[in-house]
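data19.cif (mmCIF, C-alpha atoms)
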data_structure
#
loop_
_atom_site.label_atom_id
_atom_site.label_comp_id
_atom_site.auth_asym_id
_atom_site.auth_seq_id
_atom_site.Cartn_x
_atom_site.Cartn_y
_atom_site.Cartn_z
CA MET A 257 0.00 0.00 0.00
CA TYR A 258 1.20 3.49 -0.84
CA HIS A 259 1.38 5.67 2.28
CA PRO A 260 0.25 9.31 1.79
CA LEU A 261 3.42 10.46 3.54
CA ASP A 262 5.48 8.62 0.94
CA ALA A 263 3.89 10.78 -1.73
CA LEU A 264 4.68 13.87 0.33
CA PHE A 265 8.27 12.76 0.84
CA ASP A 266 8.75 12.09 -2.87
CA PHE A 267 7.40 15.54 -3.60
CA GLN A 268 9.65 17.13 -0.96
CA ARG A 269 12.64 15.50 -2.62
CA ALA A 270 11.51 16.71 -6.03
CA LEU A 271 11.29 20.24 -4.64
CA GLU A 272 14.73 19.97 -3.07
CA SER A 273 16.32 18.67 -6.22
CA ARG A 274 15.22 21.89 -7.93
CA PHE A 275 16.69 24.21 -5.28
CA ASP A 276 19.82 24.73 -7.36
CA SER A 277 18.02 24.97 -10.66
CA ASP A 278 19.15 27.91 -12.75
CA TRP A 279 15.92 27.95 -14.70
CA LEU A 280 15.08 31.47 -13.54
CA ARG A 281 18.55 32.63 -12.61
CA GLY A 282 19.13 36.24 -13.54
CA THR A 283 15.53 36.85 -14.45
CA THR A 284 13.83 36.91 -11.07
CA ALA A 285 14.61 39.83 -8.82
CA GLY A 286 16.74 38.30 -6.12
CA THR A 287 16.41 34.75 -4.86
CA GLY A 288 16.00 34.69 -1.12
CA ALA A 289 13.72 37.69 -1.37
CA PHE A 290 10.23 37.65 0.08
CA PRO A 291 7.92 36.02 -0.76
CA PRO A 292 9.52 32.67 -1.58
CA ILE A 293 8.36 31.30 -4.93
CA ASN A 294 7.92 27.78 -6.28
CA VAL A 295 7.17 27.33 -9.95
CA PHE A 296 5.48 24.24 -11.31
CA GLN A 297 4.63 22.99 -14.72
CA GLN A 298 1.06 21.82 -15.16
CA GLY A 299 0.45 20.55 -18.65
CA ASP A 300 1.36 23.38 -21.02
CA ASN A 301 1.05 26.03 -18.35
CA LEU A 302 2.98 27.28 -15.35
CA VAL A 303 1.76 27.70 -11.79
CA ALA A 304 3.70 29.85 -9.33
CA ILE A 305 2.93 29.35 -5.66
CA LEU A 306 4.08 31.96 -3.14
CA GLU A 307 3.96 31.70 0.64
CA VAL A 308 2.51 34.87 2.11
CA PRO A 309 0.93 33.78 5.41
CA GLY A 310 -0.81 36.54 7.32
CA VAL A 311 -1.00 38.88 4.37
CA ASN A 312 -4.46 40.25 3.82
CA LYS A 313 -5.83 39.69 0.31
CA ASP A 314 -6.48 43.43 -0.01
CA ASP A 315 -2.82 44.16 0.75
CA LEU A 316 -1.62 42.10 -2.22
CA GLU A 317 -1.07 43.69 -5.60
CA ILE A 318 -0.38 41.73 -8.76
CA GLN A 319 0.60 43.26 -12.08
CA ALA A 320 1.48 41.48 -15.30
CA LYS A 321 3.32 42.63 -18.37
CA ASP A 322 4.63 40.39 -21.15
CA ASN A 323 6.18 37.42 -19.37
CA ALA A 324 6.73 39.20 -16.06
CA VAL A 325 4.50 39.23 -13.01
CA ARG A 326 5.07 41.70 -10.21
CA ILE A 327 3.87 40.82 -6.73
CA SER A 328 3.93 43.51 -4.09
CA GLY A 329 2.29 44.15 -0.78
CA LYS A 330 2.75 44.42 2.92
CA LYS A 331 2.33 42.29 5.96
CA ASN A 332 1.03 43.91 9.10
CA ILE A 333 0.77 42.38 12.55
CA SER A 334 -1.11 44.10 15.30
CA TYR A 335 -1.16 43.01 18.90
CA PRO A 336 -4.05 43.91 21.20
CA GLU A 337 -3.32 46.79 23.52
CA GLY A 338 -1.96 46.09 26.95
CA VAL A 339 -0.67 42.56 26.31
CA SER A 340 2.79 41.39 27.25
CA LEU A 341 4.69 39.69 24.45
CA HIS A 342 6.35 36.42 25.39
CA ARG A 343 7.58 35.45 21.97
CA ARG A 344 7.86 37.42 18.78
CA GLU A 345 9.14 35.44 15.81
CA ARG A 346 6.84 36.61 13.03
CA LEU A 347 8.15 39.36 10.79
CA THR A 348 6.36 42.30 9.25
CA GLY A 349 7.22 44.61 6.40
CA SER A 350 6.66 45.28 2.76
CA PHE A 351 7.71 43.32 -0.31
CA ASP A 352 8.03 43.78 -4.02
CA ARG A 353 9.16 41.01 -6.30
CA THR A 354 9.04 40.40 -10.00
CA LEU A 355 8.86 36.93 -11.47
CA THR A 356 9.96 36.63 -15.08
CA VAL A 357 9.40 33.29 -16.74
CA PRO A 358 11.36 32.01 -19.74
CA ILE A 359 8.25 31.22 -21.80
CA GLN A 360 5.73 33.47 -23.49
CA ILE A 361 2.64 33.73 -21.35
CA ASP A 362 -0.81 34.98 -22.17
CA ALA A 363 -0.86 37.99 -19.82
CA GLN A 364 -4.61 38.41 -20.26
CA GLY A 365 -5.22 34.87 -19.11
CA ILE A 366 -3.29 35.05 -15.83
CA LYS A 367 -5.37 34.06 -12.85
CA ALA A 368 -4.58 34.54 -9.18
CA GLU A 369 -5.98 32.64 -6.25
CA TYR A 370 -5.34 33.31 -2.57
CA ARG A 371 -6.12 30.75 0.08
CA ASP A 372 -4.67 29.67 3.42
CA GLY A 373 -1.75 32.08 3.07
CA LEU A 374 -0.74 30.74 -0.35
CA LEU A 375 -0.92 32.86 -3.47
CA ALA A 376 -1.22 30.77 -6.63
CA LEU A 377 -0.63 32.41 -9.99
CA PHE A 378 -1.81 30.50 -13.03
CA LEU A 379 0.32 31.50 -15.98
CA PRO A 380 -1.10 30.12 -19.23
CA ARG A 381 1.37 29.55 -22.01
CA ALA A 382 0.68 31.78 -25.01
CA GLU A 383 -0.82 29.91 -27.97
CA SER A 384 2.00 31.24 -30.16
CA ASP A 385 4.53 29.72 -27.78
CA LYS A 386 3.14 26.20 -27.79
CA PRO A 387 5.30 23.70 -29.61
CA ARG A 388 4.11 22.45 -32.96
CA THR A 389 4.69 18.97 -34.13
CA ILE A 390 6.67 19.00 -37.35
CA ARG A 391 5.74 16.28 -39.72
CA ILE A 392 8.49 14.70 -41.74
CA ASN A 393 7.62 14.56 -45.38
CA MET B 174 9.10 56.59 6.41
CA SER B 175 8.93 53.50 4.26
CA PRO B 176 8.16 50.25 6.05
CA GLN B 177 10.98 47.79 6.40
CA GLU B 178 11.54 45.22 3.71
CA LEU B 179 10.15 41.85 4.61
CA GLN B 180 12.71 39.06 5.00
CA VAL B 181 12.31 35.38 4.21
CA GLN B 182 12.39 33.14 7.26
CA GLN B 183 13.95 29.77 6.51
CA LYS B 184 11.79 26.88 7.59
CA ARG B 185 13.11 24.95 10.54
CA GLU B 186 12.57 21.21 10.70
CA VAL B 187 11.09 19.59 13.80
CA ASP B 188 13.67 17.93 16.07
CA LYS B 189 12.31 14.45 16.48
CA LYS B 190 12.76 12.27 19.51
CA GLN B 191 12.09 9.24 17.37
CA GLU B 192 12.53 8.90 13.68
CA GLY B 193 9.38 8.39 11.69
CA THR B 194 9.07 5.28 9.57
CA VAL B 195 8.37 7.54 6.60
CA PRO B 196 11.12 10.16 6.29
CA ALA B 197 8.82 13.03 5.29
CA ARG B 198 9.83 16.46 6.59
CA THR B 199 7.82 18.29 9.22
CA PHE B 200 8.34 21.98 9.90
CA VAL B 201 8.15 24.21 12.96
CA PRO B 202 5.62 27.02 12.45
CA THR B 203 6.79 30.53 13.30
CA ALA B 204 5.05 31.76 16.44
CA ASP B 205 4.07 34.81 18.42
CA ILE B 206 2.85 34.41 21.98
CA PHE B 207 1.33 37.10 24.13
CA GLU B 208 -0.58 37.33 27.37
CA GLY B 209 -3.30 39.68 28.46
CA GLU B 210 -6.73 39.89 30.04
CA GLY B 211 -6.68 36.47 31.62
CA ALA B 212 -5.74 34.62 28.45
CA LEU B 213 -2.66 33.46 26.62
CA THR B 214 -2.69 33.82 22.84
CA VAL B 215 -0.54 31.71 20.54
CA VAL B 216 -0.28 32.73 16.88
CA LEU B 217 1.24 30.27 14.40
CA GLU B 218 2.06 30.65 10.72
CA MET B 219 1.06 27.57 8.76
CA PRO B 220 0.72 28.49 5.08
CA GLY B 221 -1.18 25.91 3.04
CA VAL B 222 -3.04 24.40 5.99
CA ASP B 223 -6.83 24.32 5.84
CA LYS B 224 -8.69 24.95 9.12
CA ASN B 225 -10.15 21.44 9.03
CA ARG B 226 -6.68 19.93 9.10
CA VAL B 227 -5.52 21.45 12.37
CA ASP B 228 -5.25 19.49 15.59
CA ILE B 229 -4.85 21.32 18.91
CA SER B 230 -4.53 19.65 22.28
CA VAL B 231 -3.57 20.60 25.83
CA GLU B 232 -2.44 17.73 27.99
CA ASP B 233 -0.38 17.78 31.18
CA GLY B 234 0.43 21.42 30.64
CA ILE B 235 1.69 20.90 27.09
CA LEU B 236 0.05 22.66 24.19
CA SER B 237 0.51 20.66 21.00
CA VAL B 238 -0.44 21.88 17.56
CA GLU B 239 -0.35 19.94 14.34
CA GLY B 240 -1.25 21.16 10.89
CA GLN B 241 -1.60 18.89 7.91
CA LEU B 242 -0.88 20.30 4.51
CA ASP B 243 -3.55 19.91 1.83
CA PHE B 244 -1.19 18.05 -0.44
CA SER B 245 -3.80 17.12 -3.06
CA LYS B 246 -3.44 20.60 -4.55
CA TYR B 247 -0.04 19.68 -5.86
CA GLU B 248 -1.27 16.73 -7.86
CA GLY B 249 -0.07 16.71 -11.44
CA MET B 250 2.39 19.54 -10.86
CA GLN B 251 6.03 19.19 -11.86
CA PRO B 252 8.41 21.47 -9.98
CA VAL B 253 10.65 23.47 -12.32
CA TYR B 254 12.01 26.11 -9.97
CA THR B 255 11.80 26.05 -6.16
CA GLU B 256 12.82 28.23 -3.25
CA TYR B 257 11.02 26.58 -0.35
CA ASN B 258 9.92 23.15 0.74
CA ILE B 259 6.48 22.17 1.88
CA GLY B 260 5.33 19.82 4.59
CA ASN B 261 3.20 19.36 7.65
CA TYR B 262 3.69 21.53 10.71
CA ARG B 263 4.13 20.61 14.35
CA ARG B 264 5.03 22.53 17.46
CA SER B 265 4.41 22.26 21.18
CA PHE B 266 4.85 24.57 24.15
CA SER B 267 4.85 23.89 27.86
CA LEU B 268 2.38 26.19 29.56
CA SER B 269 3.30 27.74 32.87
CA ASN B 270 -0.27 28.60 33.77
CA LYS B 271 -3.31 26.44 34.27
CA ILE B 272 -5.59 26.64 31.27
CA ASP B 273 -9.36 26.38 31.26
CA GLN B 274 -9.55 23.52 28.77
CA GLY B 275 -13.23 23.97 28.02
CA LYS B 276 -12.76 27.52 26.82
CA ILE B 277 -9.90 27.16 24.37
CA GLY B 278 -10.69 29.01 21.17
CA ALA B 279 -9.04 28.80 17.76
CA GLU B 280 -9.35 30.75 14.55
CA MET B 281 -7.69 30.31 11.18
CA LYS B 282 -7.23 33.02 8.57
CA ASP B 283 -4.81 33.41 5.65
CA GLY B 284 -2.65 30.55 6.94
CA ILE B 285 -2.43 32.01 10.44
CA LEU B 286 -3.73 30.00 13.38
CA THR B 287 -4.66 32.00 16.47
CA ILE B 288 -5.27 29.98 19.64
CA THR B 289 -6.74 31.65 22.71
CA LEU B 290 -6.08 29.84 25.96
CA PRO B 291 -8.08 31.33 28.85
CA MET B 292 -6.40 30.88 32.20
CA ALA B 293 -8.26 28.85 34.78
CA GLU B 294 -9.95 30.86 37.55
CA GLU B 295 -7.46 29.79 40.21
CA ALA B 296 -4.56 30.86 38.01
CA LYS B 297 -5.78 34.40 37.55
CA PRO B 298 -4.07 36.92 39.78
CA ARG B 299 -6.26 38.19 42.59
CA ARG B 300 -5.90 41.60 44.05
CA ILE B 301 -5.51 41.37 47.80
CA SER B 302 -6.78 44.43 49.55
CA ILE B 303 -5.17 45.48 52.79
CA THR B 304 -7.65 46.28 55.48
#
What's the structure tokens form of this structure?
Amino acid sequence: MYHPLDALFDFQRALESRFDSDWLRGTTAGTGAFPPINVFQQGDNLVAILEVPGVNKDDLEIQAKDNAVRISGKKNISYPEGVSLHRRERLTGSFDRTLTVPIQIDAQGIKAEYRDGLLALFLPRAESDKPRTIRIN
Amino acid sequence: MSPQELQVQQKREVDKKQEGTVPARTFVPTADIFEGEGALTVVLEMPGVDKNRVDISVEDGILSVEGQLDFSKYEGMQPVYTEYNIGNYRRSFSLSNKIDQGKIGAEMKDGILTITLPMAEEAKPRRISIT
């Protein structure tokens, strides 16, 4: 029987094996910048998933131009008045990052979804960019 | 003044007492803890965790929180470029105050779990008036 955690572990390894990928090197504004980005291929299209926990949907701004997507926003944390803080690990601040992908995307068709602190950007490959099968005569 | 630039916090793996039979990674959620008005509040960052996949328990003065990732979303996706790993979350804290177990409240929004732990009556400070 296939254990669900096995599937997770395989996926974790697949993610790790791509950590040193230079697929986007030089095109994405600073690796290690916030928010962290994972890019997946789903059929012909790309899906970028960003971790932005605690960021309000209204504080997220997404702009697209050609094959670049800019994600900016801010993360605020407010503590109720008069409390004493025991532990403060969560960070606040603003962010601005541009993701440029090495394929032509249909900027009009980009969709964004925000749920459980994850921002998913669906980047459809432009029709003109899809590979054609060349028949040998 | 412009707000400070937000930094990436590297995910820390859970230090396990025993090794799991499946070597999947589990991460420690980033936390804020504050106390006020007779309650302790624990705030945990667990991006990708749905509210129905959170397990909270208080036993023998230990608060344990587990969040399971909704992994089905990643089905059919091939990673091409990655900067972070994903996994389940787990963290526990030993509580120094007695907690009123029946009144523990929890709320989940945008990947942030907020747990309110009201202190038991006997643990609340009483003002002693001098006569």
request  = Given the file shown, determine the residues that the PyMOL selection byres ((chain B) within 8 of (chain A)) selects; report them as JSON, numbers by chain.
outcome  = {"B": [176, 177, 178, 179, 180, 181, 195, 196, 197, 198, 203, 204, 205, 206, 207, 208, 209, 210, 218, 219, 220, 221, 222, 223, 244, 249, 250, 251, 252, 253, 254, 255, 256, 257, 258, 259, 260, 282, 283, 284, 285]}
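For the structure in this document, the set picked by the PyMOL selection byres ((chain B and resi 265) around 12) is Val187, Asp188, Phe200, Val201, Pro202, Thr203, Ala204, Val215, Leu217, Asp228, Ile229, Ser230, Val231, Glu232, Asp233, Gly234, Ile235, Leu236, Ser237, Val238, Glu239, Gly240, Tyr262, Arg263, Arg264, Phe266, Ser267 and Leu268 of chain B.
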request  = Give me, please, the distance in Å between atom CA of A:Ser328 and atom CA of A:Gln360, quoted to one decimal.
outcome  = 21.9 Å
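You will find atom CA of A:Leu377 at 18.9 Å from atom CA of B:Leu242.
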request  = Please provide the set of residues having any atom within 10 Å of A:Asp385, restricted to all atoms listed in the file, with same-chain residues fewer than 5 positions apart removed, written as a list of chain:residue names.
outcome  =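 Near A:Asp385, the qualifying residues are A:Asp300, A:Ile359, A:Gln360, A:Ile361, A:Asp362.
With distances taken over all atoms listed in the file, B:Ala212 is the one residue among B:Ala212, B:Ile303, B:Val227, B:Leu286 lying closest to B:Asp273.
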inquiry  = For a test of reading the model, state the distance in Å between atom CA of B:Lys184 and atom CA of B:Ser269, rounded to one decimal.
reply    =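 Result for atom CA of B:Lys184 versus atom CA of B:Ser269: 26.7 Å, one decimal.
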Since I can't run it myself right now, could you work out what the PyMOL selection byres ((chain A and resi 324-327) around 6) selects here and report it as a PDB file with C-alpha atoms, keeping the file's coordinate frame?
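Result file follows (out-v7.pdb):
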ATOM      1  CA  GLU A 317      -1.070  43.690  -5.600  1.00  0.00           C
ATOM      2  CA  ILE A 318      -0.380  41.730  -8.760  1.00  0.00           C
ATOM      3  CA  GLN A 319       0.600  43.260 -12.080  1.00  0.00           C
ATOM      4  CA  ALA A 320       1.480  41.480 -15.300  1.00  0.00           C
ATOM      5  CA  LYS A 321       3.320  42.630 -18.370  1.00  0.00           C
ATOM      6  CA  ASP A 322       4.630  40.390 -21.150  1.00  0.00           C
ATOM      7  CA  ASN A 323       6.180  37.420 -19.370  1.00  0.00           C
ATOM      8  CA  SER A 328       3.930  43.510  -4.090  1.00  0.00           C
ATOM      9  CA  ASP A 352       8.030  43.780  -4.020  1.00  0.00           C
ATOM     10  CA  ARG A 353       9.160  41.010  -6.300  1.00  0.00           C
ATOM     11  CA  THR A 354       9.040  40.400 -10.000  1.00  0.00           C
ATOM     12  CA  LEU A 355       8.860  36.930 -11.470  1.00  0.00           C
ATOM     13  CA  THR A 356       9.960  36.630 -15.080  1.00  0.00           C
TER      14      THR A 356
END
Taking all atoms of stretch 358-367 of chain A that appear in the file, build a box with edges along x, y and z, extend it by 5 Å on every side, and state its centre and edge lengths in Å to one decimal, as lines of an AutoDock Vina configuration file.
center_x = 3.0
center_y = 34.8
center_z = -18.2
size_x = 26.7
size_y = 17.2
size_z = 20.6
Exercise: residues within 7 Å of coordinate (-7.5, 26.1, 21.2), counting all atoms listed in the file, as a compact mmCIF listing (two decimals) with C-alpha atoms, in the frame of the given file:
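New file part-v9.txt:
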# COMPACT_ATOMS: atom_id res chain seq x y z
CA ILE B 229 -4.85 21.32 18.91
CA ILE B 277 -9.90 27.16 24.37
CA GLY B 278 -10.69 29.01 21.17
CA ALA B 279 -9.04 28.80 17.76
CA ILE B 288 -5.27 29.98 19.64
CA THR B 289 -6.74 31.65 22.71
CA LEU B 290 -6.08 29.84 25.96
Can I get stretch 263-274 of chain A with all heavy atoms filled in, as an mmCIF file, in the coordinates of the input?
data_model
loop_
_atom_site.group_PDB
_atom_site.id
_atom_site.type_symbol
_atom_site.label_atom_id
_atom_site.label_comp_id
_atom_site.auth_asym_id
_atom_site.auth_seq_id
_atom_site.Cartn_x
_atom_site.Cartn_y
_atom_site.Cartn_z
ATOM 1 N N ALA A 263 4.126 9.861 -0.619
ATOM 2 C CA ALA A 263 3.890 10.780 -1.730
ATOM 3 C C ALA A 263 4.428 12.159 -1.371
ATOM 4 O O ALA A 263 5.074 12.818 -2.182
ATOM 5 C CB ALA A 263 2.398 10.858 -2.033
ATOM 6 N N LEU A 264 4.190 12.570 -0.122
ATOM 7 C CA LEU A 264 4.680 13.870 0.330
ATOM 8 C C LEU A 264 6.202 13.898 0.306
ATOM 9 O O LEU A 264 6.816 14.846 -0.167
ATOM 10 C CB LEU A 264 4.153 14.178 1.739
ATOM 11 C CG LEU A 264 4.640 15.480 2.385
ATOM 12 C CD1 LEU A 264 4.274 16.698 1.561
ATOM 13 C CD2 LEU A 264 4.078 15.632 3.792
ATOM 14 N N PHE A 265 6.806 12.825 0.802
ATOM 15 C CA PHE A 265 8.270 12.760 0.840
ATOM 16 C C PHE A 265 8.876 12.808 -0.565
ATOM 17 O O PHE A 265 9.844 13.517 -0.808
ATOM 18 C CB PHE A 265 8.719 11.499 1.581
ATOM 19 C CG PHE A 265 10.220 11.401 1.713
ATOM 20 C CD1 PHE A 265 10.952 12.438 2.302
ATOM 21 C CD2 PHE A 265 10.899 10.290 1.245
ATOM 22 C CE1 PHE A 265 12.327 12.361 2.417
ATOM 23 C CE2 PHE A 265 12.281 10.211 1.359
ATOM 24 C CZ PHE A 265 12.999 11.241 1.944
ATOM 25 N N ASP A 266 8.268 12.074 -1.488
ATOM 26 C CA ASP A 266 8.750 12.090 -2.870
ATOM 27 C C ASP A 266 8.681 13.509 -3.429
ATOM 28 O O ASP A 266 9.589 13.968 -4.122
ATOM 29 C CB ASP A 266 7.904 11.164 -3.755
ATOM 30 C CG ASP A 266 8.196 9.698 -3.468
ATOM 31 O OD1 ASP A 266 9.224 9.423 -2.811
ATOM 32 O OD2 ASP A 266 7.398 8.844 -3.894
ATOM 33 N N PHE A 267 7.587 14.179 -3.096
ATOM 34 C CA PHE A 267 7.400 15.540 -3.600
ATOM 35 C C PHE A 267 8.418 16.486 -2.958
ATOM 36 O O PHE A 267 8.979 17.354 -3.624
ATOM 37 C CB PHE A 267 5.967 15.991 -3.321
ATOM 38 C CG PHE A 267 5.543 17.160 -4.163
ATOM 39 C CD1 PHE A 267 5.335 17.005 -5.521
ATOM 40 C CD2 PHE A 267 5.360 18.411 -3.600
ATOM 41 C CE1 PHE A 267 4.951 18.076 -6.316
ATOM 42 C CE2 PHE A 267 4.975 19.495 -4.382
ATOM 43 C CZ PHE A 267 4.776 19.323 -5.742
ATOM 44 N N GLN A 268 8.653 16.298 -1.652
ATOM 45 C CA GLN A 268 9.650 17.130 -0.960
ATOM 46 C C GLN A 268 11.027 16.967 -1.593
ATOM 47 O O GLN A 268 11.766 17.929 -1.743
ATOM 48 C CB GLN A 268 9.709 16.743 0.532
ATOM 49 C CG GLN A 268 8.473 17.203 1.304
ATOM 50 C CD GLN A 268 8.483 16.767 2.754
ATOM 51 O OE1 GLN A 268 9.131 15.782 3.114
ATOM 52 N NE2 GLN A 268 7.752 17.480 3.593
ATOM 53 N N ARG A 269 11.338 15.743 -1.975
ATOM 54 C CA ARG A 269 12.640 15.500 -2.620
ATOM 55 C C ARG A 269 12.705 16.140 -3.994
ATOM 56 O O ARG A 269 13.730 16.669 -4.397
ATOM 57 C CB ARG A 269 12.912 13.993 -2.720
ATOM 58 C CG ARG A 269 13.445 13.448 -1.411
ATOM 59 C CD ARG A 269 14.161 12.165 -1.633
ATOM 60 N NE ARG A 269 13.227 11.154 -2.130
ATOM 61 C CZ ARG A 269 13.472 9.862 -2.112
ATOM 62 N NH1 ARG A 269 14.611 9.412 -1.656
ATOM 63 N NH2 ARG A 269 12.582 9.012 -2.573
ATOM 64 N N ALA A 270 11.565 16.083 -4.702
ATOM 65 C CA ALA A 270 11.510 16.710 -6.030
ATOM 66 C C ALA A 270 11.717 18.216 -5.900
ATOM 67 O O ALA A 270 12.401 18.834 -6.713
ATOM 68 C CB ALA A 270 10.177 16.398 -6.701
ATOM 69 N N LEU A 271 11.126 18.796 -4.855
ATOM 70 C CA LEU A 271 11.290 20.240 -4.640
ATOM 71 C C LEU A 271 12.743 20.557 -4.328
ATOM 72 O O LEU A 271 13.313 21.505 -4.843
ATOM 73 C CB LEU A 271 10.403 20.712 -3.481
ATOM 74 C CG LEU A 271 8.889 20.727 -3.720
ATOM 75 C CD1 LEU A 271 8.155 21.049 -2.428
ATOM 76 C CD2 LEU A 271 8.504 21.727 -4.789
ATOM 77 N N GLU A 272 13.337 19.744 -3.455
ATOM 78 C CA GLU A 272 14.730 19.970 -3.070
ATOM 79 C C GLU A 272 15.689 19.845 -4.241
ATOM 80 O O GLU A 272 16.651 20.600 -4.347
ATOM 81 C CB GLU A 272 15.143 18.953 -1.996
ATOM 82 C CG GLU A 272 15.018 19.529 -0.614
ATOM 83 C CD GLU A 272 14.962 18.455 0.439
ATOM 84 O OE1 GLU A 272 15.723 17.472 0.333
ATOM 85 O OE2 GLU A 272 14.148 18.606 1.367
ATOM 86 N N SER A 273 15.407 18.898 -5.108
ATOM 87 C CA SER A 273 16.320 18.670 -6.220
ATOM 88 C C SER A 273 16.317 19.848 -7.187
ATOM 89 O O SER A 273 17.196 19.979 -8.028
ATOM 90 C CB SER A 273 15.944 17.381 -6.961
ATOM 91 O OG SER A 273 14.726 17.568 -7.643
ATOM 92 N N ARG A 274 15.304 20.716 -7.058
ATOM 93 C CA ARG A 274 15.220 21.890 -7.930
ATOM 94 C C ARG A 274 15.784 23.151 -7.261
ATOM 95 O O ARG A 274 15.806 24.203 -7.870
ATOM 96 C CB ARG A 274 13.767 22.157 -8.324
ATOM 97 C CG ARG A 274 13.182 21.135 -9.257
ATOM 98 C CD ARG A 274 13.597 21.374 -10.703
ATOM 99 N NE ARG A 274 13.063 20.353 -11.583
ATOM 100 C CZ ARG A 274 13.687 19.209 -11.832
ATOM 101 N NH1 ARG A 274 14.852 18.955 -11.277
ATOM 102 N NH2 ARG A 274 13.144 18.318 -12.633
#
